[in-house]
Every structure is written in C-alpha cells, then in structure tokens.
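Colleague: So here's input21.tsv (TSV, C-alpha atoms).
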```
chain	number	residue	atom	x	y	z
A	141	MET	CA	73.29	131.13	88.95
A	142	ALA	CA	70.72	129.34	86.81
A	143	PHE	CA	70.17	129.73	83.10
A	144	LYS	CA	67.13	131.89	82.42
A	145	GLY	CA	65.86	131.35	78.93
A	146	LYS	CA	63.20	129.59	76.95
A	147	VAL	CA	63.77	125.90	76.40
A	148	VAL	CA	63.14	124.86	72.82
A	149	ASP	CA	61.95	121.35	72.06
A	150	SER	CA	63.99	118.98	69.90
A	151	LYS	CA	61.48	118.94	67.06
A	152	THR	CA	61.78	122.70	66.61
A	153	VAL	CA	65.57	122.57	66.74
A	154	LEU	CA	65.76	119.77	64.16
A	155	SER	CA	63.29	121.46	61.82
A	156	ASN	CA	65.21	124.75	62.09
A	157	LEU	CA	68.48	122.90	61.47
A	158	LEU	CA	67.06	121.19	58.40
A	159	LEU	CA	65.76	124.52	57.13
A	160	CYS	CA	69.18	126.12	57.71
A	161	LEU	CA	70.90	123.29	55.80
A	162	VAL	CA	68.53	123.75	52.88
A	163	ILE	CA	69.15	127.50	52.93
A	164	PHE	CA	72.94	127.00	53.09
A	165	TYR	CA	73.19	124.57	50.18
A	166	SER	CA	70.60	126.44	48.08
A	167	LEU	CA	72.58	129.63	48.51
A	168	PHE	CA	75.83	127.79	47.86
A	169	TYR	CA	74.65	126.53	44.48
A	170	MET	CA	72.95	129.79	43.50
A	171	ILE	CA	76.00	131.88	44.38
A	172	GLY	CA	78.28	129.30	42.76
A	173	SER	CA	76.36	129.40	39.49
A	174	VAL	CA	76.40	133.21	39.46
A	175	CYS	CA	80.15	133.20	40.15
A	176	PHE	CA	80.73	130.63	37.38
A	177	GLY	CA	78.88	132.93	34.99
A	178	ALA	CA	80.69	136.04	36.22
A	179	PHE	CA	84.07	134.37	35.71
A	180	ARG	CA	82.87	132.98	32.34
A	181	LEU	CA	83.87	129.43	33.08
A	182	ASP	CA	82.80	126.80	30.57
A	183	HIS	CA	81.30	124.07	32.72
A	184	PHE	CA	79.21	124.21	35.90
A	185	ASP	CA	79.13	120.63	37.16
A	186	GLY	CA	77.28	121.19	40.44
A	187	LEU	CA	80.00	119.58	42.56
A	188	ILE	CA	81.36	122.78	44.09
A	189	PRO	CA	81.77	121.49	47.66
A	190	PHE	CA	83.09	118.16	46.42
A	191	ASP	CA	85.62	119.44	43.90
A	192	PHE	CA	88.89	118.01	45.20
A	193	LYS	CA	90.85	118.10	41.95
A	194	THR	CA	91.09	121.86	41.48
A	195	LYS	CA	94.60	123.12	42.16
A	196	LEU	CA	94.81	125.74	44.89
A	197	ALA	CA	96.35	128.69	43.07
A	198	GLU	CA	95.34	132.33	42.81
A	199	SER	CA	95.74	132.18	39.04
A	200	ASN	CA	93.20	129.33	38.76
A	201	SER	CA	89.76	130.80	37.99
A	202	LYS	CA	87.87	127.72	39.17
A	203	TYR	CA	89.68	127.91	42.54
A	204	LEU	CA	88.72	131.58	42.87
A	205	VAL	CA	85.10	130.77	42.02
A	206	ASN	CA	85.00	128.02	44.66
A	207	LEU	CA	86.59	130.30	47.27
A	208	LEU	CA	84.37	133.25	46.47
A	209	SER	CA	81.25	131.08	46.44
A	210	LEU	CA	82.09	129.62	49.83
A	211	GLU	CA	82.82	132.96	51.46
A	212	LEU	CA	79.75	134.67	50.02
A	213	THR	CA	77.59	131.73	51.04
A	214	TYR	CA	78.74	131.95	54.65
A	215	PHE	CA	78.09	135.68	54.72
A	216	CYS	CA	74.63	135.50	53.12
A	217	SER	CA	73.48	132.37	54.94
A	218	GLY	CA	74.13	134.04	58.28
A	219	LEU	CA	71.73	136.80	57.30
A	220	PHE	CA	69.08	134.29	56.20
A	221	PHE	CA	69.56	132.23	59.37
A	222	ALA	CA	68.89	135.34	61.44
A	223	ALA	CA	65.68	135.95	59.52
A	224	VAL	CA	64.51	132.35	59.90
A	225	VAL	CA	65.50	131.22	63.40
A	226	LYS	CA	65.69	134.66	65.08
A	227	ARG	CA	67.50	133.23	68.15
A	228	ARG	CA	70.67	131.25	68.61
A	229	VAL	CA	71.87	132.05	65.09
A	230	TRP	CA	75.48	131.19	65.96
A	231	ASP	CA	74.44	127.76	67.19
A	232	TYR	CA	72.78	126.97	63.88
A	233	ALA	CA	75.61	128.53	61.84
A	234	LEU	CA	78.26	126.50	63.65
A	235	THR	CA	76.21	123.31	63.42
A	236	VAL	CA	75.66	123.79	59.68
A	237	THR	CA	79.40	124.46	59.26
A	238	LEU	CA	80.30	121.28	61.13
A	239	LEU	CA	77.80	119.26	59.11
A	240	HIS	CA	79.17	120.76	55.88
A	241	VAL	CA	82.72	119.83	56.89
A	242	MET	CA	81.61	116.29	57.78
A	243	ILE	CA	79.72	115.85	54.49
A	244	THR	CA	82.62	117.13	52.39
A	245	SER	CA	85.11	115.09	54.40
A	246	LEU	CA	83.09	111.95	53.73
A	247	GLY	CA	82.95	112.87	50.05
A	248	GLU	CA	86.68	113.41	49.95
A	249	GLN	CA	87.39	110.26	51.90
A	250	ASN	CA	85.34	108.33	49.35
A	251	SER	CA	87.42	109.85	46.57
A	252	LYS	CA	90.61	108.57	48.30
A	253	HIS	CA	92.12	111.89	49.37
A	254	TYR	CA	93.15	113.25	52.74
A	255	ILE	CA	90.56	113.69	55.48
A	256	PHE	CA	90.70	117.51	55.46
A	257	THR	CA	88.74	119.09	52.65
A	258	ASP	CA	89.64	121.98	50.44
A	259	ASP	CA	86.69	123.86	51.94
A	260	VAL	CA	88.18	123.62	55.41
A	261	VAL	CA	91.55	124.83	54.15
A	262	LEU	CA	89.92	127.61	52.15
A	263	MET	CA	87.81	128.72	55.09
A	264	ALA	CA	90.73	128.59	57.52
A	265	SER	CA	92.96	130.52	55.16
A	266	SER	CA	90.33	133.18	54.54
A	267	VAL	CA	89.46	133.55	58.22
A	268	CYS	CA	93.11	133.73	59.28
A	269	GLY	CA	94.13	135.84	56.30
A	270	LEU	CA	96.80	133.34	55.32
A	271	GLN	CA	98.04	132.51	51.88
A	272	LEU	CA	98.44	128.77	51.71
A	273	SER	CA	100.04	126.95	48.85
A	274	LEU	CA	99.04	123.32	48.97
A	275	GLY	CA	100.44	120.66	46.68
```
Just give me the structure of the file as structure tokens.

Modeller:
Amino acid sequence: MAFKGKVVDSKTVLSNLLLCLVIFYSLFYMIGSVCFGAFRLDHFDGLIPFDFKTKLAESNSKYLVNLLSLELTYFCSGLFFAAVVKRRVWDYALTVTLLHVMITSLGEQNSKHYIFTDDVVLMASSVCGLQLSLG
C-alpha cells in the first residue's frame, strides 16, 4: 500500500516552518504583553519563555501570566498555522513545539539550571491536568 499524496519540496517546508516560528513567537509576545497588562504587573521584560526564576505557585501572578500566555499561544497559533500552511498543520505544530523546547532548554542550560524548562513542565501539567509543585 503506497502513500498517495503530494510531495512538497524542502524549500516550501522550510519557508512554512520559518513562517510558523515567526507566527508562534509573535503571538507569544503579543499575548504575553496583553496578559501582563490584564494582570497589572509592573514590568514586562520580554523574556517570557526564558524566565526560569519565577516560582511555580498558583498565588504568583507572574507564573499565572506565563502559563496563560503559553496556553493561549498554543491555541491561537494552531488556528493561524491552519490558515497559513493549510495541510499538515500537526507536523508544523509539533515541529515548532520541539524547536521551542530546544531553544528554551538551551537558554536554561546557559543559565545553569536543569535541562527541562518551566515551559515543558507547564505544558505537561496543563495537558495532563496535573497540579505540580516544583521547588
């Protein structure tokens, strides 16, 4: 049983992937800035995905802003990916997620923390519906 579908060239895939990355991070920062304003936090530093010093606690407003920004970004970016690439949306969404995890892991590794990022823990806890309390 052979695969019957259109083969897409590498240049198209890479340009779509780059476009999806730009969409993802643009949405991330736009949603993050709106959430910072909605929660009336004092300082928006622009390091939302690389903020490894915020304590993971439900009473911490900055933690809630980071979590909410991440979850809303994943929801909205999926809709934009569907509008842009039209096919194989899950492939692009998973690839952007893996690239995001790798980028934030490298950022955290450079800041001398553990290899797993807060984003991965936040995403896993929100997907699984778990309440994690990390030191």

Colleague: Rounded to one decimal in Å, what is the spacing between atom CA of Ala178 of chain A and atom CA of Phe220 of chain A?

Modeller: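 Interatomic distance, atom CA of Ala178 of chain A to atom CA of Phe220 of chain A: 23.2 Å.
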
Colleague: Just to confirm, what's the straight-line distance from atom CA of Val205 of chain A to atom CA of Thr244 of chain A in Å (one decimal)?

Modeller: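 The value is 17.3 Å.
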
Colleague: Could you jot down the atom CA of Glu211 of chain A to atom CA of Val174 of chain A separation for me, Å, one decimal place?

Modeller: 13.6 Å

Colleague: Using only C-alpha atoms, which of the listed residues (A:Leu212, A:Val148, A:Leu196, A:Ala233) sits closest to Gly172 of chain A?

Modeller: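 Looking at the shortest contact to Gly172 of chain A, the residue is A:Leu212.
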
Colleague: So that I can check the surroundings of Cys160 of chain A, please list as a list of chain:residue names every protein, DNA and RNA residue that reaches within 10 Å of it, counting only C-alpha atoms and ignoring chain neighbours fewer than 3 positions away.

Modeller: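 Close residues of Cys160 of chain A: A:Leu154, A:Ser155, A:Asn156, A:Leu157, A:Ile163, A:Phe164, A:Tyr165, A:Ser166, A:Ser217, A:Gly218, A:Phe220, A:Phe221, A:Ala222, A:Val224, A:Val225, A:Val229, A:Tyr232, A:Ala233, A:Thr235, A:Val236.
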
Colleague: Please provide as a VMD selection string all residues within 8 Å of Phe176 of chain A, with the sequence filter that same-chain residues fewer than 5 positions apart are discarded (counting all atoms listed in the file).

Modeller: chain A and resid 181 184 202 205

Colleague: Box in all listed atoms of segment 228-235 of chain A, axis-aligned, with 5 Å more on each side; write out centre and edge lengths in Å to one decimal as lines of an AutoDock Vina configuration file.

Modeller:
```
center_x = 74.5
center_y = 127.7
center_z = 65.2
size_x = 17.6
size_y = 18.7
size_z = 16.8
```

Colleague: So which one's closest to Leu204 of chain A, A:Trp230, A:Val147, A:His240, A:Cys175? Using all atoms listed in the file, please.

Modeller: A:Cys175
